[in-house]
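Student: Take this structure, written in structure tokens, and hold onto it; I'll ask about it next.
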Amino acid sequence: MEHPENTQKEKASDDSEWRIDLLRNTIDEIDEKLVRLINERLEVALEIGRAKAQKGAQVLDSAREYRVLKRVEDLNNGPISKDALHQVFKQIMAASREIQKPHRVAYLGPEATFTHIAAMKHFGRTVSFVSQPSIRDAFNEVEKGSCHYGVVPVENSIEGAINHTLDMFFESELKICAEKYQTISHDLLSKTGTLNDIRKIYSHQQGFAKCRSWLQKYLPEVALEECGSTASALQKTLQTPDAAAIASNEAAHLYDLNVVASRIEDAVRNTTRFLIIGRDDVPRTGRDKTSVMFVTPHVPGALFEVLKPMADYSVNMVKLESRPTKHENWSYFFFVDIEGHIEDSNVKETVEKMREICLYMKFLGSYPRAIEG
Ligand SMILES: O=C(O)C(=O)C[C@]1(C(=O)O)C=C[C@@H](O)C=C1
């Protein structure tokens with residue numbers, strides 16, 4: 001005779017299976033509605049695209065996208081997290097842009113670098129991303145029109161400014177259309193996702209340097225093989241079941257790998273700020289940043305005089321950076337980020353006053369202020 005406890009367990013398991021099937025039917029019904037609604041939304045976006053094409057307006061409207069994200073965030077009562085909701089809507093809006101007009105985005109490569117990750121997070125995955133060998137190439141691709149936007153790093157919270165990017169703004173007519181903060185953190189990724197399976201680790205030399213203590217503590221016997229890029233470390237890991245790669249968490253999705261361990265770097269995590277460069281004038285959102293570059297006259301107190309209008313018009317400066325002009329010894333370009341949009345009267349007045357005092361001044365763009373993290 002069968003043990004009564006066993007029959008009870010079997011019955012409970014049958015019940016659960018039946019319940020899961022039922023709930024999955026409900027999910028299928030919801031998915032049907034979602035697909036219909038997403039396509040309905042895309043039809044409307046297509047109409048907007050036609051209207052934009054008629055009046056010669058650009059496809060991407062960062063200010064509108066910001067407002068859409070803010071609105072759905074305010075509507076949300078959970079359980080979906082704010083981040084997950086943002087990701088869903090960013091993908092939907094990327095699909096809208098794609099059917100309005102497919103975009104190409106140049107980024108400082110190679111593939112799977114943090115610039116690539118930041119670009120994908122900003123634009124969504126449906127855009128075509130074109131890897132570039134240098135910051136100059138990323139600017140050039142957008143300037144000659146083969147890409148709509150470029151994504152380049154501009155500063156790191158620990159290592160400071162990325163000088164190549166700042167210097168390019170002197171030569172280039174491109175503007176800053178948006179900014180994106182990306183946490184720089186390393187994960188260990190493998191096919192199985194299990195620490196005990198790992199016999200070899202592939203990484204770019206920087207990955208090994210940044211994660212030395214963790215590797216020594218948890219995988220002291222494992223062979224380390226340096227690769228020319230994170231992309232090649234990931235490719236090799238895909239082909240080697242007992243290997244792992246050091247890369248960003250997002251690279252796990254990109255290469256269909258599993259996370260063995262997260263945040264394995266020795267030092268505190270740092271953040272890089274990336275700029276989205278293009279030709280657009282971005283409308284005001286009410287939560288913006290404006291960037292300008294200038295050269296002051298060579299007289300005592302000149303920098304003080306140039307910055308004074310900010311105090312006079314109550315404008316908050318959030319960054320000041322300097323770079324040699326390379327035309328004359330000890331002469332500098334200053335880069336300033338201030339809060340507000342060039343259409344805000346106090347920002348406009350400030351920039352105009354500054355322009356009167358400066359030897360050279362260039363407006364680099366007003367764009368929505370990004371949230372760190
Ligand atoms: O509102 C627009 O301008 C649209 O084209 C629609 C939409 C969206 O999907 O919500 C798509 C692209 C724009 O960047 C902004 C918003």
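Residues are referred to by chain and number: the chain letter is A, B, ... according to the order shown in the structure tokens, the number counts from 1 in that chain, and ligands are numbered separately from 1 in the order shown.
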Write out as a Markdown table a residue-level contact list of chain A versus ligand 1 with cut-off 10 Å: for each qualifying residue the closest pair of atoms and the distance in Å to one decimal, counting only C-alpha atoms and all ligand atoms, rows sorted by chain and residue number upward.

Tutor:
```
| residue | atom | partner | partner_atom_place_in_ligand_line | distance |
| --- | --- | --- | --- | --- |
| A:Ile38 | CA | ligand 1 | 9 (O) | 9.9 |
| A:Arg41 | CA | ligand 1 | 9 (O) | 7.5 |
| A:Leu42 | CA | ligand 1 | 9 (O) | 7.1 |
| A:Glu43 | CA | ligand 1 | 9 (O) | 9.9 |
| A:Val44 | CA | ligand 1 | 6 (C) | 7.8 |
| A:Ala45 | CA | ligand 1 | 6 (C) | 4.9 |
| A:Leu46 | CA | ligand 1 | 5 (O) | 7.5 |
| A:Glu47 | CA | ligand 1 | 5 (O) | 8.4 |
| A:Ile48 | CA | ligand 1 | 5 (O) | 5.4 |
| A:Gly49 | CA | ligand 1 | 5 (O) | 5.8 |
| A:Arg50 | CA | ligand 1 | 5 (O) | 9.4 |
| A:Ala51 | CA | ligand 1 | 5 (O) | 9.3 |
| A:Lys52 | CA | ligand 1 | 3 (O) | 7.8 |
| A:Ala57 | CA | ligand 1 | 3 (O) | 9.2 |
| A:Gln58 | CA | ligand 1 | 14 (O) | 8.6 |
| A:Val59 | CA | ligand 1 | 14 (O) | 5.9 |
| A:Leu60 | CA | ligand 1 | 14 (O) | 3.6 |
| A:Asp61 | CA | ligand 1 | 14 (O) | 3.8 |
| A:Ser62 | CA | ligand 1 | 14 (O) | 5.6 |
| A:Ala63 | CA | ligand 1 | 15 (C) | 7.7 |
| A:Arg64 | CA | ligand 1 | 15 (C) | 5.2 |
| A:Glu65 | CA | ligand 1 | 15 (C) | 4.8 |
| A:Tyr66 | CA | ligand 1 | 15 (C) | 8.5 |
| A:Arg67 | CA | ligand 1 | 16 (C) | 9.0 |
| A:Val68 | CA | ligand 1 | 10 (O) | 6.5 |
| A:Leu69 | CA | ligand 1 | 10 (O) | 9.0 |
| A:Phe89 | CA | ligand 1 | 9 (O) | 8.2 |
| A:Lys90 | CA | ligand 1 | 9 (O) | 8.3 |
| A:Gln91 | CA | ligand 1 | 9 (O) | 9.0 |
| A:Ile92 | CA | ligand 1 | 9 (O) | 6.3 |
| A:Met93 | CA | ligand 1 | 9 (O) | 3.8 |
| A:Ala94 | CA | ligand 1 | 11 (C) | 6.9 |
| A:Ala95 | CA | ligand 1 | 9 (O) | 7.4 |
| A:Ser96 | CA | ligand 1 | 9 (O) | 4.8 |
| A:Arg97 | CA | ligand 1 | 12 (C) | 4.9 |
| A:Glu98 | CA | ligand 1 | 12 (C) | 8.6 |
| A:Ile99 | CA | ligand 1 | 11 (C) | 9.4 |
| A:Gln100 | CA | ligand 1 | 5 (O) | 7.4 |
| A:Lys101 | CA | ligand 1 | 12 (C) | 9.9 |
| A:Phe123 | CA | ligand 1 | 14 (O) | 9.6 |
```

Student: Would you please extract all helix (DSSP H, G or I) residues from region 32-105 of chain A, as assigned by DSSP on the backbone, and give them as a compact mmCIF listing (two decimals) with N, CA and C atoms, in the first residue's frame?

Tutor:
```txt
# COMPACT_ATOMS: atom_id res chain seq x y z
N GLU A 32 -0.71 38.92 -24.70
CA GLU A 32 -1.43 39.25 -25.93
C GLU A 32 -1.84 40.73 -25.92
N LYS A 33 -2.32 41.16 -24.74
CA LYS A 33 -2.73 42.58 -24.64
C LYS A 33 -1.51 43.49 -24.78
N LEU A 34 -0.40 43.09 -24.13
CA LEU A 34 0.81 43.92 -24.18
C LEU A 34 1.30 44.09 -25.61
N VAL A 35 1.35 42.98 -26.35
CA VAL A 35 1.83 43.05 -27.74
C VAL A 35 0.93 43.98 -28.55
N ARG A 36 -0.40 43.83 -28.31
CA ARG A 36 -1.34 44.68 -29.06
C ARG A 36 -1.10 46.16 -28.70
N LEU A 37 -0.95 46.43 -27.40
CA LEU A 37 -0.77 47.82 -26.96
C LEU A 37 0.56 48.40 -27.45
N ILE A 38 1.62 47.58 -27.39
CA ILE A 38 2.93 48.08 -27.86
C ILE A 38 2.84 48.43 -29.34
N ASN A 39 2.20 47.57 -30.11
CA ASN A 39 2.08 47.85 -31.54
C ASN A 39 1.18 49.06 -31.81
N GLU A 40 0.14 49.21 -30.98
CA GLU A 40 -0.72 50.39 -31.11
C GLU A 40 0.11 51.65 -30.86
N ARG A 41 0.95 51.58 -29.81
CA ARG A 41 1.82 52.71 -29.48
C ARG A 41 2.79 53.01 -30.62
N LEU A 42 3.34 51.93 -31.22
CA LEU A 42 4.29 52.11 -32.33
C LEU A 42 3.62 52.74 -33.55
N GLU A 43 2.35 52.38 -33.79
CA GLU A 43 1.62 52.99 -34.91
C GLU A 43 1.55 54.51 -34.72
N VAL A 44 1.29 54.91 -33.45
CA VAL A 44 1.20 56.35 -33.16
C VAL A 44 2.58 56.99 -33.37
N ALA A 45 3.64 56.29 -32.90
CA ALA A 45 5.00 56.82 -33.05
C ALA A 45 5.34 56.98 -34.53
N LEU A 46 4.85 56.03 -35.35
CA LEU A 46 5.10 56.10 -36.79
C LEU A 46 4.47 57.36 -37.37
N GLU A 47 3.25 57.66 -36.90
CA GLU A 47 2.55 58.88 -37.33
C GLU A 47 3.36 60.11 -36.94
N ILE A 48 3.83 60.10 -35.67
CA ILE A 48 4.66 61.24 -35.19
C ILE A 48 5.89 61.37 -36.09
N GLY A 49 6.48 60.21 -36.44
CA GLY A 49 7.67 60.19 -37.29
C GLY A 49 7.40 60.86 -38.62
N ARG A 50 6.22 60.56 -39.21
CA ARG A 50 5.87 61.17 -40.51
C ARG A 50 5.74 62.68 -40.36
N ALA A 51 5.07 63.10 -39.26
CA ALA A 51 4.89 64.53 -39.03
C ALA A 51 6.24 65.21 -38.82
N LYS A 52 7.13 64.53 -38.10
CA LYS A 52 8.47 65.10 -37.86
C LYS A 52 9.23 65.24 -39.18
N ALA A 53 9.13 64.19 -40.02
CA ALA A 53 9.84 64.22 -41.31
C ALA A 53 9.33 65.39 -42.15
N GLN A 54 8.01 65.64 -42.09
CA GLN A 54 7.41 66.73 -42.87
C GLN A 54 7.97 68.08 -42.46
N LYS A 55 8.13 68.26 -41.13
CA LYS A 55 8.63 69.58 -40.69
C LYS A 55 10.14 69.59 -40.52
N SER A 62 15.07 63.88 -26.82
CA SER A 62 15.52 63.46 -25.48
C SER A 62 14.64 64.06 -24.39
N ALA A 63 14.20 65.30 -24.61
CA ALA A 63 13.39 65.96 -23.58
C ALA A 63 12.06 65.23 -23.41
N ARG A 64 11.44 64.86 -24.54
CA ARG A 64 10.16 64.12 -24.49
C ARG A 64 10.39 62.74 -23.83
N GLU A 65 11.49 62.10 -24.17
CA GLU A 65 11.75 60.77 -23.59
C GLU A 65 11.92 60.88 -22.07
N TYR A 66 12.58 61.94 -21.66
CA TYR A 66 12.76 62.17 -20.23
C TYR A 66 11.40 62.31 -19.55
N ARG A 67 10.50 63.09 -20.21
CA ARG A 67 9.17 63.31 -19.62
C ARG A 67 8.35 62.02 -19.59
N VAL A 68 8.50 61.20 -20.65
CA VAL A 68 7.77 59.91 -20.67
C VAL A 68 8.23 59.05 -19.49
N LEU A 69 9.55 58.98 -19.28
CA LEU A 69 10.09 58.15 -18.19
C LEU A 69 9.61 58.67 -16.84
N LYS A 70 9.64 59.98 -16.68
CA LYS A 70 9.22 60.60 -15.42
C LYS A 70 7.74 60.28 -15.17
N ARG A 71 6.94 60.38 -16.24
CA ARG A 71 5.49 60.18 -16.11
C ARG A 71 5.18 58.74 -15.70
N VAL A 72 5.81 57.77 -16.39
CA VAL A 72 5.49 56.37 -16.04
C VAL A 72 6.01 56.06 -14.63
N GLU A 73 7.11 56.70 -14.28
CA GLU A 73 7.65 56.51 -12.92
C GLU A 73 6.64 57.01 -11.88
N ASP A 74 6.02 58.15 -12.16
CA ASP A 74 5.03 58.70 -11.22
C ASP A 74 3.76 57.85 -11.16
N LEU A 75 3.43 57.21 -12.30
CA LEU A 75 2.22 56.37 -12.35
C LEU A 75 2.41 55.05 -11.62
N LYS A 82 11.70 50.99 -10.31
CA LYS A 82 11.84 52.16 -11.17
C LYS A 82 12.82 51.85 -12.32
N ASP A 83 13.93 51.18 -11.98
CA ASP A 83 14.95 50.87 -13.00
C ASP A 83 14.40 49.95 -14.08
N ALA A 84 13.68 48.91 -13.63
CA ALA A 84 13.14 47.95 -14.59
C ALA A 84 12.12 48.64 -15.49
N LEU A 85 11.29 49.49 -14.89
CA LEU A 85 10.28 50.22 -15.67
C LEU A 85 10.95 51.11 -16.71
N HIS A 86 12.03 51.80 -16.27
CA HIS A 86 12.77 52.66 -17.20
C HIS A 86 13.32 51.84 -18.36
N GLN A 87 13.89 50.67 -18.05
CA GLN A 87 14.47 49.83 -19.11
C GLN A 87 13.40 49.43 -20.12
N VAL A 88 12.23 49.03 -19.61
CA VAL A 88 11.14 48.60 -20.50
C VAL A 88 10.76 49.76 -21.43
N PHE A 89 10.56 50.96 -20.85
CA PHE A 89 10.12 52.08 -21.67
C PHE A 89 11.22 52.59 -22.58
N LYS A 90 12.48 52.48 -22.14
CA LYS A 90 13.58 52.89 -23.03
C LYS A 90 13.60 51.99 -24.27
N GLN A 91 13.37 50.69 -24.06
CA GLN A 91 13.36 49.76 -25.20
C GLN A 91 12.19 50.07 -26.12
N ILE A 92 11.04 50.37 -25.53
CA ILE A 92 9.86 50.67 -26.36
C ILE A 92 10.13 51.94 -27.18
N MET A 93 10.72 52.96 -26.53
CA MET A 93 10.96 54.21 -27.26
C MET A 93 12.05 54.01 -28.31
N ALA A 94 13.03 53.12 -28.01
CA ALA A 94 14.06 52.82 -29.01
C ALA A 94 13.40 52.17 -30.23
N ALA A 95 12.43 51.28 -29.98
CA ALA A 95 11.71 50.64 -31.10
C ALA A 95 10.93 51.69 -31.90
N SER A 96 10.36 52.67 -31.19
CA SER A 96 9.63 53.77 -31.87
C SER A 96 10.58 54.52 -32.80
N ARG A 97 11.75 54.85 -32.24
CA ARG A 97 12.73 55.60 -33.05
C ARG A 97 13.16 54.80 -34.26
N GLU A 98 13.33 53.50 -34.02
CA GLU A 98 13.82 52.62 -35.08
C GLU A 98 12.84 52.58 -36.25
N ILE A 99 11.52 52.54 -35.94
CA ILE A 99 10.59 52.50 -37.08
C ILE A 99 10.41 53.89 -37.69
N GLN A 100 10.69 54.93 -36.90
CA GLN A 100 10.61 56.28 -37.48
C GLN A 100 11.77 56.48 -38.45
```

Student: Can you list, as a tab-separated table (two decimals) with N, CA and C atoms, in the first residue's frame, every protein, DNA or RNA residue that comes within 9 Å of Glu226 (chain A) when you count only C-alpha atoms, leaving out same-chain residues fewer than 2 positions away?

Tutor:
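Result written to result-v5.tsv:
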```
chain	number	residue	atom	x	y	z
A	201	ILE	N	41.09	32.02	-16.58
A	201	ILE	CA	40.36	33.30	-16.70
A	201	ILE	C	40.96	34.12	-17.83
A	202	TYR	N	40.10	34.61	-18.70
A	202	TYR	CA	40.52	35.51	-19.78
A	202	TYR	C	40.12	36.93	-19.38
A	203	SER	N	41.04	37.87	-19.64
A	203	SER	CA	40.67	39.27	-19.36
A	203	SER	C	41.63	40.21	-20.08
A	204	HIS	N	41.14	41.42	-20.29
A	204	HIS	CA	42.02	42.51	-20.71
A	204	HIS	C	42.95	42.77	-19.52
A	205	GLN	N	44.15	43.24	-19.78
A	205	GLN	CA	45.15	43.45	-18.71
A	205	GLN	C	44.60	44.32	-17.56
A	208	PHE	N	42.57	42.29	-14.97
A	208	PHE	CA	43.42	41.56	-14.00
A	208	PHE	C	43.97	42.53	-12.95
A	224	LEU	N	45.72	32.54	-15.66
A	224	LEU	CA	45.21	33.84	-16.14
A	224	LEU	C	45.76	34.08	-17.54
A	228	GLY	N	43.65	40.97	-25.74
A	228	GLY	CA	43.79	42.34	-26.25
A	228	GLY	C	42.58	43.21	-25.92
A	229	SER	N	41.44	42.61	-25.73
A	229	SER	CA	40.23	43.39	-25.42
A	229	SER	C	39.27	42.54	-24.60
A	233	ALA	N	38.18	38.41	-24.75
A	233	ALA	CA	38.11	37.56	-23.54
A	233	ALA	C	36.73	36.89	-23.48
```

Student: What's the 10 Å shell around Ala302 (chain A), counting only C-alpha atoms, without same-chain residues fewer than 6 positions away, as a list in words?

Tutor: Val295, Thr296, Lys308, Ile357 and Cys358 of chain A

Student: A:Leu275, A:Leu195, A:Ala209, A:Met310: which is nearest Val260 (chain A), counting only C-alpha atoms?

Tutor: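 That would be A:Leu195, the residue with the smallest distance to Val260 (chain A).
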
Student: Name the closest residue to Asn140 (chain A) among the candidates A:Val315, A:Leu174, A:Leu320, A:Ile371; distances are taken between atoms, counting only C-alpha atoms.

Tutor: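 Using only C-alpha atoms, the shortest distance to Asn140 (chain A) belongs to A:Leu174.
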
Student: Using only C-alpha atoms, determine which residues lie at most 10 Å from Thr240 (chain A), disregarding the query and same-chain residues fewer than 3 positions distant; provide the list as a ChimeraX atom specification.

Tutor: /A:190-191,198-200,234-237,243-244
